[in-house]
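Shown here: query.txt, compact mmCIF, C-alpha atoms.
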# COMPACT_ATOMS: atom_id res chain seq x y z
CA MET A 1 101.38 -31.33 202.38
CA LYS A 2 102.37 -28.53 204.23
CA GLY A 3 104.12 -30.19 206.91
CA VAL A 4 107.26 -31.68 207.78
CA PHE A 5 106.33 -35.19 207.40
CA ILE A 6 105.48 -36.82 209.98
CA ILE A 7 105.45 -40.33 210.71
CA SER A 8 102.69 -42.19 209.04
CA ILE A 9 101.47 -45.53 210.09
CA ILE A 10 98.53 -47.52 209.32
CA ARG A 11 96.32 -49.88 211.05
CA ILE A 12 93.03 -51.64 210.55
CA ASN A 13 90.41 -52.94 212.96
CA PHE A 14 91.20 -49.93 215.10
CA SER A 15 87.69 -48.99 216.14
CA THR A 16 86.65 -46.47 218.76
CA MET A 17 86.44 -49.18 221.39
CA LEU A 18 90.17 -49.84 220.89
CA MET A 19 91.19 -46.24 221.45
CA ARG A 20 93.40 -46.59 224.43
CA LEU A 21 94.06 -44.35 227.33
CA LEU A 22 95.21 -40.88 226.32
CA CYS A 23 98.57 -40.85 224.57
CA ILE A 24 98.96 -44.63 224.72
CA VAL A 25 96.12 -44.87 222.27
CA CYS A 26 97.84 -42.60 219.80
CA LEU A 27 101.19 -44.19 220.29
CA LEU A 28 99.88 -47.37 218.75
CA GLY A 29 97.58 -45.98 216.12
CA CYS A 30 98.38 -45.47 212.54
CA GLY A 31 97.79 -44.19 209.17
CA HIS A 32 97.20 -45.17 205.52
CA CYS A 33 96.07 -48.69 205.49
CA PHE A 34 93.36 -51.09 205.12
CA GLY A 35 90.04 -49.42 204.68
CA GLN A 36 88.80 -49.84 208.24
CA GLN A 37 89.45 -46.94 210.57
CA PRO A 38 93.14 -46.34 211.20
CA LYS A 39 93.64 -43.47 213.65
CA CYS A 40 96.38 -41.34 215.17
CA ALA A 41 98.97 -41.35 212.38
CA TYR A 42 100.20 -37.89 213.29
CA SER A 43 99.21 -38.38 216.91
CA LEU A 44 101.54 -41.38 217.06
CA LEU A 45 104.40 -39.10 216.15
CA GLN A 46 103.34 -36.36 218.54
CA ALA A 47 102.86 -38.72 221.45
CA SER A 48 106.14 -40.51 220.89
CA LEU A 49 108.29 -37.40 220.52
CA LYS A 50 106.52 -35.32 223.14
CA ALA A 51 106.89 -38.12 225.63
CA ARG A 52 110.60 -37.31 225.67
CA ASP A 53 110.43 -33.63 224.71
CA THR A 54 107.39 -31.67 225.83
CA ALA A 55 108.57 -28.71 223.75
CA ALA A 56 108.50 -30.66 220.48
CA THR A 57 106.58 -28.84 217.77
CA PHE A 58 105.44 -29.89 214.32
CA PRO A 59 105.67 -26.91 211.97
CA ILE A 60 103.68 -26.63 208.77
CA HIS A 61 105.59 -26.16 205.52
CA THR A 62 103.87 -23.80 203.14
CA GLY A 63 103.77 -25.22 199.67
CA ASN A 64 103.40 -22.00 197.71
CA LYS A 65 105.77 -19.41 199.16
CA VAL A 66 108.96 -20.45 197.34
CA THR A 67 108.99 -21.44 193.71
CA ALA A 68 110.61 -24.80 193.09
CA ASP A 69 112.66 -25.53 190.01
CA GLU A 70 110.30 -27.36 187.66
CA SER A 71 112.70 -28.43 184.91
CA THR A 72 115.28 -30.72 186.50
CA ALA A 73 114.52 -34.44 186.52
CA TYR A 74 115.88 -36.15 189.64
CA ARG A 75 117.13 -39.71 190.05
CA ILE A 76 117.04 -41.24 193.52
CA PRO A 77 119.05 -44.39 194.44
CA VAL A 78 116.92 -46.81 196.45
CA VAL A 79 117.91 -49.89 198.43
CA PHE A 80 115.40 -52.33 199.93
CA HIS A 81 116.39 -54.07 203.16
CA ILE A 82 114.19 -57.14 203.62
CA VAL A 83 114.30 -58.28 207.24
CA LEU A 84 111.99 -61.23 207.87
CA ASN A 85 112.04 -64.61 209.54
CA SER A 86 111.82 -67.80 207.51
CA THR A 87 108.05 -68.14 207.92
CA GLN A 88 107.44 -64.60 206.70
CA MET A 89 109.88 -65.09 203.83
CA SER A 90 107.85 -68.10 202.72
CA VAL A 91 104.88 -65.78 202.23
CA LEU A 92 106.83 -63.71 199.73
CA GLY A 93 108.33 -66.81 198.14
CA THR A 94 111.55 -67.13 196.21
CA THR A 95 114.15 -64.49 195.52
CA GLU A 96 112.72 -64.24 192.02
CA ASN A 97 109.33 -63.42 193.57
CA ILE A 98 110.92 -60.70 195.66
CA ARG A 99 112.59 -59.24 192.60
CA SER A 100 109.25 -59.11 190.83
CA TYR A 101 107.60 -57.39 193.81
CA ILE A 102 110.36 -54.81 193.87
CA ALA A 103 110.07 -54.27 190.10
CA VAL A 104 106.33 -53.68 190.36
CA GLN A 105 106.80 -51.45 193.39
CA LEU A 106 109.27 -49.27 191.50
CA GLU A 107 106.98 -49.11 188.50
CA VAL A 108 104.07 -47.91 190.66
CA ILE A 109 105.96 -45.17 192.49
CA ASN A 110 107.62 -43.95 189.30
CA GLN A 111 104.30 -43.70 187.53
CA ASP A 112 102.73 -41.93 190.50
CA PHE A 113 105.55 -39.40 190.89
CA ASN A 114 105.71 -38.69 187.15
CA ALA A 115 101.96 -38.29 186.50
CA GLN A 116 102.04 -41.39 184.31
CA SER A 117 99.66 -43.71 186.10
CA SER A 118 97.00 -45.10 183.77
CA ASP A 119 94.34 -44.70 186.43
CA SER A 120 94.84 -40.93 186.50
CA THR A 121 91.82 -40.94 184.19
CA GLY A 122 89.89 -41.23 187.44
CA ILE A 123 90.82 -37.67 188.44
CA PRO A 124 87.65 -35.55 188.29
CA ALA A 125 87.72 -32.90 185.55
CA VAL A 126 87.73 -30.06 188.07
CA PHE A 127 90.95 -31.38 189.65
CA LYS A 128 92.81 -32.38 186.46
CA PRO A 129 94.48 -28.95 186.04
CA LEU A 130 96.00 -29.45 189.50
CA HIS A 131 97.65 -32.79 188.67
CA GLY A 132 101.37 -32.44 189.43
CA ASN A 133 104.41 -34.14 187.92
CA ALA A 134 107.31 -34.41 190.39
CA LYS A 135 109.80 -35.52 187.72
CA VAL A 136 111.47 -37.86 190.18
CA ARG A 137 112.62 -41.34 189.24
CA PHE A 138 113.42 -43.96 191.85
CA GLU A 139 116.03 -46.50 190.73
CA LEU A 140 117.71 -49.44 192.39
CA ALA A 141 121.22 -48.76 193.63
CA HIS A 142 123.66 -51.16 191.94
CA THR A 143 126.81 -50.13 193.76
CA ALA A 144 126.89 -50.74 197.50
CA PRO A 145 128.69 -48.46 199.97
CA ASP A 146 131.74 -50.74 199.92
CA GLY A 147 131.98 -50.48 196.13
CA SER A 148 130.66 -53.98 195.43
CA ALA A 149 127.86 -54.81 193.02
CA SER A 150 124.32 -54.89 194.34
CA GLU A 151 120.90 -55.86 193.09
CA GLY A 152 119.44 -52.90 194.99
CA TYR A 153 118.16 -55.05 197.82
CA ASN A 154 119.47 -57.36 200.49
CA ILE A 155 117.75 -60.07 202.48
CA TYR A 156 118.38 -60.99 206.08
CA ILE A 157 116.61 -63.92 207.69
CA THR A 158 116.10 -62.76 211.25
CA THR A 159 115.14 -64.92 214.20
CA LYS A 160 112.79 -62.23 215.45
CA GLN A 161 109.03 -62.36 214.97
CA GLY A 162 109.06 -58.71 214.01
CA PHE A 163 109.90 -55.20 215.19
CA ASP A 164 107.99 -52.95 217.57
CA PHE A 165 107.31 -49.28 216.97
CA GLU A 166 108.52 -48.57 220.49
CA ASN A 167 111.81 -50.17 221.56
CA ASP A 168 114.78 -49.59 223.82
CA ILE A 169 117.14 -47.87 221.39
CA THR A 170 118.00 -44.40 222.72
CA ASN A 171 116.48 -41.45 220.84
CA SER A 172 114.95 -43.80 218.28
CA VAL A 173 111.41 -43.97 217.06
CA GLY A 174 109.51 -46.28 214.76
CA PHE A 175 110.70 -49.89 214.37
CA SER A 176 114.28 -48.69 214.80
CA ASP A 177 115.61 -52.08 215.91
CA SER A 178 115.02 -53.30 212.34
CA LYS A 179 117.65 -50.77 211.25
CA TYR A 180 120.61 -52.16 213.19
CA SER A 181 122.37 -55.47 212.65
CA ASN A 182 123.12 -55.81 216.36
CA THR A 183 119.39 -55.85 217.16
CA GLY A 184 118.39 -58.35 214.49
CA GLY A 185 117.95 -55.96 211.58
CA ILE A 186 119.97 -54.54 208.66
CA ASP A 187 122.17 -51.47 208.99
CA ALA A 188 121.26 -48.53 206.80
CA TRP A 189 123.34 -47.67 203.79
CA ASP A 190 124.62 -44.10 203.90
CA PRO A 191 121.33 -42.14 204.09
CA THR A 192 122.87 -39.12 202.38
CA THR A 193 123.46 -41.26 199.28
CA TYR A 194 120.74 -43.92 199.36
CA LEU A 195 117.03 -43.87 200.15
CA ASN A 196 116.68 -46.80 202.57
CA VAL A 197 113.47 -48.83 202.62
CA TRP A 198 113.11 -51.57 205.24
CA VAL A 199 110.55 -54.32 204.56
CA ILE A 200 109.60 -55.89 207.88
CA ASN A 201 106.88 -57.43 210.01
CA PRO A 202 105.78 -54.52 212.26
CA LEU A 203 104.59 -55.40 215.75
CA ASP A 204 102.37 -53.69 218.29
CA ASN A 205 103.78 -54.42 221.75
CA GLY A 206 105.03 -57.75 220.47
CA LYS A 207 101.78 -58.67 218.74
CA THR A 208 100.98 -58.97 215.06
CA ASN A 209 98.95 -56.05 213.74
CA THR A 210 98.11 -54.25 210.53
CA LEU A 211 100.47 -51.30 210.57
CA LEU A 212 101.37 -50.66 206.93
CA GLY A 213 104.08 -48.06 206.70
CA LEU A 214 106.20 -45.42 208.35
CA ALA A 215 108.43 -42.64 207.05
CA ILE A 216 111.10 -40.76 208.95
CA PRO A 217 112.23 -37.81 206.82
CA PRO A 218 115.64 -36.13 207.00
CA SER A 219 114.21 -33.07 208.73
CA PHE A 220 113.55 -35.14 211.85
CA VAL A 221 117.19 -36.03 212.36
CA ALA A 222 118.26 -32.61 213.61
CA ARG A 223 114.93 -31.39 214.92
CA TYR A 224 114.16 -34.35 217.15
CA ASN A 225 117.63 -35.81 217.71
CA ILE A 226 116.89 -39.01 215.81
CA PRO A 227 119.96 -40.89 214.52
CA ASP A 228 120.50 -40.09 210.85
CA VAL A 229 120.82 -43.77 209.97
CA GLU A 230 117.16 -44.23 210.89
CA GLN A 231 115.78 -41.89 208.27
CA GLY A 232 114.00 -43.69 205.49
CA ILE A 233 110.85 -45.74 205.09
CA THR A 234 109.52 -48.89 206.70
CA LEU A 235 106.99 -51.10 204.90
CA ASN A 236 104.92 -53.99 206.14
CA TYR A 237 106.00 -56.96 204.00
CA LEU A 238 102.33 -57.88 203.56
CA THR A 239 101.79 -54.77 201.44
CA TRP A 240 103.39 -56.81 198.64
CA LYS A 241 101.58 -60.06 199.30
CA GLY A 242 99.20 -61.26 201.96
CA MET A 243 96.37 -58.72 201.95
CA GLY A 244 94.41 -60.06 199.03
CA VAL A 245 95.15 -56.93 197.01
CA PRO A 246 98.75 -55.62 197.08
CA ARG A 247 99.16 -52.17 198.64
CA TYR A 248 101.95 -50.84 196.43
CA ARG A 249 100.78 -47.25 196.92
CA THR A 250 101.66 -47.44 200.57
CA LEU A 251 105.17 -46.55 199.43
CA THR A 252 103.86 -43.68 197.28
CA HIS A 253 102.13 -42.32 200.38
CA GLU A 254 105.18 -42.77 202.62
CA LEU A 255 107.48 -41.16 200.04
CA GLY A 256 105.18 -38.15 200.15
CA HIS A 257 105.81 -37.98 203.88
CA TYR A 258 109.55 -38.50 203.40
CA PHE A 259 109.60 -35.44 201.15
CA GLU A 260 107.75 -33.45 203.81
CA LEU A 261 104.06 -33.75 202.86
CA ARG A 262 101.41 -34.00 205.52
CA HIS A 263 98.18 -35.91 205.31
CA ILE A 264 95.73 -34.04 203.16
CA TRP A 265 93.39 -33.38 206.11
CA GLY A 266 96.20 -31.88 208.20
CA ASP A 267 96.13 -34.23 211.19
CA ASP A 268 94.22 -31.67 213.24
CA ASP A 269 91.49 -33.83 214.74
CA GLY A 270 88.73 -32.78 212.36
CA LYS A 271 89.17 -29.02 212.60
CA CYS A 272 88.88 -26.79 209.57
CA ALA A 273 91.24 -23.99 208.57
CA ASN A 274 88.61 -21.38 209.39
CA THR A 275 88.07 -22.80 212.87
CA GLY A 276 91.67 -23.07 214.05
CA GLY A 277 92.68 -26.17 212.15
CA ASN A 278 95.98 -26.69 210.36
CA ASP A 279 94.71 -28.27 207.17
CA ASP A 280 97.71 -29.59 205.25
CA GLY A 281 99.35 -26.27 204.43
CA ILE A 282 98.92 -26.81 200.68
CA GLU A 283 96.84 -24.22 198.84
CA ASP A 284 95.59 -26.36 195.95
CA THR A 285 94.20 -29.18 198.09
CA PRO A 286 90.66 -28.43 199.29
CA PRO A 287 90.11 -28.14 203.05
CA GLN A 288 89.33 -31.53 204.56
CA ALA A 289 88.22 -32.55 208.03
CA LYS A 290 89.39 -36.13 208.34
CA GLU A 291 90.81 -39.08 206.45
CA THR A 292 88.80 -40.94 203.81
CA TYR A 293 88.43 -44.70 203.50
CA GLY A 294 87.27 -47.02 200.77
CA CYS A 295 86.52 -45.70 197.31
CA PRO A 296 83.98 -42.84 197.48
CA HIS A 297 81.98 -41.42 194.60
CA PHE A 298 82.81 -37.91 193.44
CA PRO A 299 81.91 -35.40 194.71
CA LYS A 300 82.32 -36.15 198.40
CA TYR A 301 81.66 -33.39 200.92
CA ASP A 302 82.59 -32.94 204.54
CA ALA A 303 82.48 -30.27 207.24
CA CYS A 304 85.46 -28.38 205.78
CA SER A 305 84.35 -28.60 202.12
CA PRO A 306 80.56 -28.82 202.31
CA ALA A 307 79.91 -27.61 198.75
CA GLY A 308 81.50 -27.09 195.34
CA SER A 309 83.92 -29.82 194.29
CA GLY A 310 84.20 -31.31 197.77
CA ILE A 311 87.34 -32.97 199.09
CA MET A 312 90.23 -34.42 197.06
CA PHE A 313 89.90 -37.97 198.32
CA MET A 314 91.79 -39.32 195.30
CA ASN A 315 95.01 -37.69 196.54
CA TYR A 316 97.88 -40.00 197.43
CA MET A 317 98.07 -38.41 200.87
CA ASP A 318 94.58 -39.56 201.86
CA TYR A 319 93.67 -43.06 203.06
CA THR A 320 91.45 -44.19 200.20
CA ASP A 321 92.03 -47.57 198.58
CA ASP A 322 94.97 -47.86 196.19
CA ALA A 323 92.64 -48.20 193.21
CA CYS A 324 91.07 -44.83 194.00
CA GLN A 325 94.26 -42.82 194.57
CA HIS A 326 95.33 -40.92 191.47
CA MET A 327 97.34 -37.76 192.12
CA PHE A 328 99.67 -35.36 193.82
CA THR A 329 98.82 -31.71 193.24
CA LYS A 330 101.15 -29.14 191.72
CA GLU A 331 101.72 -27.47 195.10
CA GLN A 332 102.46 -30.82 196.74
CA VAL A 333 104.95 -31.49 193.97
CA SER A 334 106.50 -28.06 194.46
CA LEU A 335 107.09 -28.75 198.13
CA MET A 336 108.58 -32.19 197.47
CA ARG A 337 110.88 -30.91 194.71
CA ARG A 338 112.22 -28.20 197.01
CA GLN A 339 113.57 -30.96 199.23
CA LEU A 340 115.72 -32.13 196.29
CA GLN A 341 117.15 -28.75 195.37
CA VAL A 342 120.27 -27.11 196.76
CA TYR A 343 119.87 -26.69 200.55
CA GLY A 344 116.88 -29.03 200.51
CA ASN A 345 116.64 -31.81 203.08
CA SER A 346 117.14 -34.53 200.46
CA TYR A 347 119.45 -32.72 198.05
CA SER A 348 122.31 -35.14 198.75
CA LEU A 349 120.29 -38.05 197.32
CA THR A 350 120.57 -36.46 193.88
CA ARG A 351 124.36 -36.12 193.99
CA HIS A 352 125.48 -39.75 193.61
CA PRO A 353 124.22 -41.07 190.25
CA GLN A 354 127.26 -43.36 190.03
CA VAL A 355 125.71 -45.78 192.56
CA LEU A 356 122.86 -46.42 190.13
CA ASP A 357 125.28 -48.29 187.86
CA TYR A 358 127.10 -51.55 188.47
CA PRO A 359 130.77 -51.04 189.32
CA ALA A 360 133.21 -51.68 186.51
CA ALA A 361 134.10 -55.33 186.22
CA THR A 362 137.63 -56.40 186.98
CA ALA A 363 138.71 -59.96 187.73
CA ILE A 364 135.80 -62.33 188.16
CA SER A 365 135.53 -62.92 191.87
CA TYR A 366 132.50 -64.52 193.48
CA THR A 367 131.32 -66.71 196.32
CA VAL A 368 128.76 -69.52 196.43
CA SER A 369 126.98 -69.79 199.78
CA PRO A 370 125.79 -71.22 202.02
CA ASN A 371 127.15 -74.71 201.63
CA PRO A 372 125.41 -76.84 202.81
CA ALA A 373 122.30 -74.99 201.61
CA ASN A 374 118.80 -75.43 202.99
CA ARG A 375 116.81 -72.52 201.58
CA PHE A 376 118.83 -70.58 199.01
CA ILE A 377 121.99 -71.10 196.99
CA ASN A 378 123.44 -67.61 196.61
CA ILE A 379 126.05 -66.59 194.05
CA SER A 380 127.56 -63.21 194.95
CA PHE A 381 130.02 -61.43 192.65
CA ALA A 382 132.47 -58.86 194.00
CA GLN A 383 131.69 -56.66 191.01
CA THR A 384 129.40 -57.87 188.20
CA SER A 385 129.16 -61.33 186.71
CA ALA A 386 131.20 -60.34 183.66
CA GLY A 387 130.59 -62.74 180.81
CA LEU A 388 128.30 -65.11 182.74
CA GLN A 389 125.99 -66.84 180.26
CA SER A 390 124.11 -69.44 182.27
CA ILE A 391 123.70 -71.07 185.66
CA ARG A 392 122.87 -74.77 185.78
CA LEU A 393 122.37 -77.25 188.60
CA PHE A 394 122.75 -81.02 188.16
CA ASN A 395 121.78 -83.77 190.60
CA ALA A 396 124.00 -86.72 191.54
CA MET A 397 122.70 -88.69 188.54
CA GLY A 398 123.82 -85.96 186.15
CA GLN A 399 120.29 -84.76 185.43
CA GLN A 400 119.85 -81.03 184.96
CA VAL A 401 117.35 -79.78 187.54
CA TYR A 402 117.78 -76.02 187.13
CA GLU A 403 118.85 -73.59 184.43
CA LYS A 404 118.96 -69.82 184.27
CA LYS A 405 120.14 -68.08 181.13
CA VAL A 406 121.75 -64.79 182.00
CA GLU A 407 120.59 -61.97 179.76
CA MET A 408 121.77 -59.05 181.90
CA GLN A 409 124.89 -59.13 184.02
CA GLN A 410 124.18 -58.75 187.73
CA GLY A 411 126.07 -58.93 190.96
CA PHE A 412 123.89 -61.43 192.76
CA TYR A 413 121.94 -64.55 191.82
CA SER A 414 119.90 -66.82 194.03
CA ILE A 415 118.44 -70.29 193.54
CA ASP A 416 115.53 -71.55 195.62
CA ALA A 417 116.90 -74.75 197.13
CA THR A 418 113.64 -75.78 198.81
CA VAL A 419 112.38 -77.32 195.55
CA PHE A 420 115.25 -79.83 195.44
CA MET A 421 115.60 -83.10 197.32
CA LYS A 422 118.29 -83.52 199.92
CA GLY A 423 121.61 -84.56 198.40
CA LEU A 424 124.69 -83.54 196.45
CA TYR A 425 124.49 -81.30 193.37
CA LEU A 426 126.89 -79.75 190.89
CA LEU A 427 126.52 -76.03 190.21
CA GLN A 428 127.83 -75.05 186.78
CA LEU A 429 128.60 -71.42 185.93
CA LYS A 430 129.20 -70.99 182.21
CA PHE A 431 131.10 -67.85 181.21
CA ALA A 432 131.88 -66.62 177.71
CA ASP A 433 135.37 -68.13 177.83
CA LYS A 434 135.18 -70.88 180.45
CA GLN A 435 132.98 -72.76 182.87
CA GLU A 436 133.36 -73.41 186.58
CA VAL A 437 131.73 -76.16 188.65
CA HIS A 438 131.03 -76.23 192.38
CA ARG A 439 129.84 -79.13 194.53
CA ILE A 440 126.81 -78.15 196.62
CA SER A 441 125.10 -80.07 199.41
CA VAL A 442 121.38 -79.42 199.85
CA GLN A 443 119.89 -80.24 203.21
CA ASP A 444 116.31 -80.26 204.52

Here is a file; write its structure as structure tokens.
Amino acid sequence: MKGVFIISIIRINFSTMLMRLLCIVCLLGCGHCFGQQPKCAYSLLQASLKARDTAATFPIHTGNKVTADESTAYRIPVVFHIVLNSTQMSVLGTTENIRSYIAVQLEVINQDFNAQSSDSTGIPAVFKPLHGNAKVRFELAHTAPDGSASEGYNIYITTKQGFDFENDITNSVGFSDSKYSNTGGIDAWDPTTYLNVWVINPLDNGKTNTLLGLAIPPSFVARYNIPDVEQGITLNYLTWKGMGVPRYRTLTHELGHYFELRHIWGDDDGKCANTGGNDDGIEDTPPQAKETYGCPHFPKYDACSPAGSGIMFMNYMDYTDDACQHMFTKEQVSLMRRQLQVYGNSYSLTRHPQVLDYPAATAISYTVSPNPANRFINISFAQTSAGLQSIRLFNAMGQQVYEKKVEMQQGFYSIDATVFMKGLYLLQLKFADKQEVHRISVQD
């Protein structure tokens, strides 16, 4: 979309009666979510930034003025920072569950950005020629900034209930306290090398709500004096589990914003392009008055597209249900790809393919923690687990209570300790040429 992204947030049960006074209303509204009536996604950004800078403007990027390179395939290193308290972690389950959520999430965004989603059959015939392929692949980063091996995610059990959109960090905006270890969050990895995604419980003035996602693109860092370590994406942890139907396309939507797309209706309060509205600045998306919810039947008309093919409600930058979102357009793709080219806002993300691989193994060095353990037994290798064949756990009677056969060498393994009774256990790590045993105490 023709805009510099723009922070997107999402909320449900946000009816007209909840629209608060003036800017306060918009400050707590939000974008692409649950199928009720989320409001003020762009207004949230405007109100927050203009509250400290009345001269703040939100320019529209034109998606068709400069031709983007269409041949290069880009690889983007991604790291997920999961910052939840123990109760919220229990909703997601074990580390293995989290890995599976991340795997599915990556599969969804890669299909969506590469025009490979099976449900693209739902694109109406008239819009099929506009279906764009961004040729961007998102991959887990396997080398951390300090050179150690990584699974592409890290988990921090915070004592906080969640993180507010508005907080006390200077010049920050949008759940920023989740992005600093000294405020109960996880510090960003170098944002010029890694695309940081924080998975959190978002709060509204300290209260649980249904905000789904937020993106702060690189262009905001200089323009609005936001710390560069805050650029990235924030996801509500419930988009993976807890809403009945997972909302994996929340990240597709927020990535669109991160690469400078606007909402397809242009965030202009229902105006049309011919009546002073902004639209989204993208020529191959039909004019649209406002966001769309649910799963409409094609064609759907509104005040800005009252005839012909109607609006493109199946676009990833609308608010329709995940099952009814099917496409980016070619002009949207062109704008996003320009961010990844030389001089583009996200060009640096394409320059560090080495972090996508595990670091070369040297001497086998690892730690087993915590001990005593009460929730997880974590095995962390300094590089990769070179030659590790299996992980076994035995109780005090010598009975095997856990086994994991290692088929692919990794840098981090985790065992859910909550399924074991309190007591002493022996952890056996079997390598190709030796085995090592550690005594572990499991507590309640």

### Message
as number ranges by chain, please: the residues near Thr418 in chain A (cut-off 10 Å, only C-alpha atoms, same-chain neighbours under 4 positions excluded).
### Response
A: 94, 373-377, 422, 442-444

### Task
May I ask for the distance between CA of Arg262 in chain A and CA of Met317 in chain A, given in Å to one decimal place?
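So the two atoms, CA of Arg262 in chain A and CA of Met317 in chain A, lie 7.2 Å apart.
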
#### Entry: Among listed residues A:Pro145, A:Arg439, A:Asp322, A:Pro286, nearest Thr239 in chain A (using all atoms listed in the file)
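Of all the options, A:Asp322 lies closest to Thr239 in chain A.
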
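With all atoms listed in the file as the basis for measurement, A:Trp189 is the residue among A:Phe431, A:Trp189, A:Tyr180, A:Phe113 that approaches Phe80 in chain A most closely.
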
### Counting all atoms listed in the file, the residue of A:Ile109, A:Ala144, A:Leu130, A:Ala73 that sits nearest Glu331 in chain A
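Going through A:Ile109, A:Ala144, A:Leu130, A:Ala73 one by one, the smallest distance to Glu331 in chain A is for A:Leu130.
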
### Summary
For Cys324 in chain A, the closest of A:Arg247, A:Lys430, A:Lys135, A:Arg337 counting only C-alpha atoms is A:Arg247

(135.0, -76.1, 189.7) in this file's frame - what residues fall within 10 Å of it? Use only C-alpha atoms and give the answer as a short mmCIF file (atom, residue, chain, number, x, y, z; two decimals) with C-alpha atoms, in the coordinates of the input.
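Generated file (selection_23.cif):
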data_model
loop_
_atom_site.label_atom_id
_atom_site.label_comp_id
_atom_site.auth_asym_id
_atom_site.auth_seq_id
_atom_site.Cartn_x
_atom_site.Cartn_y
_atom_site.Cartn_z
CA LEU A 426 126.89 -79.75 190.89
CA LEU A 427 126.52 -76.03 190.21
CA GLN A 428 127.83 -75.05 186.78
CA LEU A 429 128.60 -71.42 185.93
CA GLN A 435 132.98 -72.76 182.87
CA GLU A 436 133.36 -73.41 186.58
CA VAL A 437 131.73 -76.16 188.65
CA HIS A 438 131.03 -76.23 192.38
CA ARG A 439 129.84 -79.13 194.53
#

#### Entry: Nearest to Leu335 in chain A, chosen from A:Pro191, A:Gly147, A:Gly281, A:Gly232, with all atoms listed in the file counted in the distances
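The closest residue to Leu335 in chain A is A:Gly281.
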
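Restricting the calculation to all atoms listed in the file, the smallest distance between Ile82 in chain A and any of A:Leu235, A:Ile155, A:Ala141, A:Leu349 is found for A:Ile155.
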
### Query
Could you state the separation of CA of Phe298 in chain A and CA of Tyr258 in chain A in Å, given to one decimal place?
28.5 Å

### Query
If you count all atoms listed in the file, which residues fall within 10 Å of Glu166 in chain A, apart from same-chain ones fewer than 5 positions away, as a list in words?
Leu27, Leu28, Ser48, Ser172, Val173, Gly174, Phe175, Ser176, Asp177, Leu203, Asp204, Asn205 and Gly206 of chain A

So which residues touch Gly266 in chain A within 9 Å, counting all atoms listed in the file, skipping near sequence neighbours fewer than 2 positions away, as a JSON list (two decimals) with C-alpha atoms, in the frame of the given file?
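Final output, saved to around_2.json:
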[["chain", "number", "residue", "atom", "x", "y", "z"],
["A", 1, "MET", "CA", 101.38, -31.33, 202.38],
["A", 2, "LYS", "CA", 102.37, -28.53, 204.23],
["A", 3, "GLY", "CA", 104.12, -30.19, 206.91],
["A", 42, "TYR", "CA", 100.20, -37.89, 213.29],
["A", 262, "ARG", "CA", 101.41, -34.00, 205.52],
["A", 263, "HIS", "CA", 98.18, -35.91, 205.31],
["A", 264, "ILE", "CA", 95.73, -34.04, 203.16],
["A", 268, "ASP", "CA", 94.22, -31.67, 213.24],
["A", 269, "ASP", "CA", 91.49, -33.83, 214.74],
["A", 270, "GLY", "CA", 88.73, -32.78, 212.36],
["A", 271, "LYS", "CA", 89.17, -29.02, 212.60],
["A", 277, "GLY", "CA", 92.68, -26.17, 212.15],
["A", 278, "ASN", "CA", 95.98, -26.69, 210.36],
["A", 279, "ASP", "CA", 94.71, -28.27, 207.17],
["A", 280, "ASP", "CA", 97.71, -29.59, 205.25],
["A", 281, "GLY", "CA", 99.35, -26.27, 204.43],
["A", 287, "PRO", "CA", 90.11, -28.14, 203.05],
["A", 288, "GLN", "CA", 89.33, -31.53, 204.56],
["A", 289, "ALA", "CA", 88.22, -32.55, 208.03],
["A", 290, "LYS", "CA", 89.39, -36.13, 208.34]]

### Message
With all atoms listed in the file as the counted atoms, please give the residues lying no more than 10 Å from Tyr153 in chain A, apart from itself and same-chain residues fewer than 3 positions off, as JSON, numbers by chain.
### Response
{"A": [78, 79, 80, 81, 82, 98, 99, 102, 140, 141, 142, 144, 150, 196, 197, 198, 412]}

### Atom-to-atom span, CA of Lys405 in chain A and CA of Ile379 in chain A, Å
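Computing it gives 14.3 Å between the two atoms.
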
Could the centre and edge lengths of an axis-aligned box, enclosing all atoms of range 223-235 of chain A in the file with 3 Å extra on each side, be given in Å to one decimal as JSON?
{"center_x": 113.9, "center_y": -41.2, "center_z": 211.3, "size_x": 19.8, "size_y": 25.7, "size_z": 18.8}

Surrounding residues of Pro218 in chain A excluding itself and chain neighbours under 3 positions, 9 Å, all atoms listed in the file, as a PDB file with C-alpha atoms, in the coordinates of the input:
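Saved result, part_6.pdb, follows:
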ATOM      1  CA  PRO A 191     121.330 -42.140 204.090  1.00  0.00           C
ATOM      2  CA  VAL A 221     117.190 -36.030 212.360  1.00  0.00           C
ATOM      3  CA  ALA A 222     118.260 -32.610 213.610  1.00  0.00           C
ATOM      4  CA  ASP A 228     120.500 -40.090 210.850  1.00  0.00           C
ATOM      5  CA  GLN A 231     115.780 -41.890 208.270  1.00  0.00           C
ATOM      6  CA  GLY A 232     114.000 -43.690 205.490  1.00  0.00           C
ATOM      7  CA  TYR A 258     109.550 -38.500 203.400  1.00  0.00           C
ATOM      8  CA  PHE A 259     109.600 -35.440 201.150  1.00  0.00           C
ATOM      9  CA  GLU A 260     107.750 -33.450 203.810  1.00  0.00           C
ATOM     10  CA  ASN A 345     116.640 -31.810 203.080  1.00  0.00           C
ATOM     11  CA  SER A 346     117.140 -34.530 200.460  1.00  0.00           C
TER      12      SER A 346
END
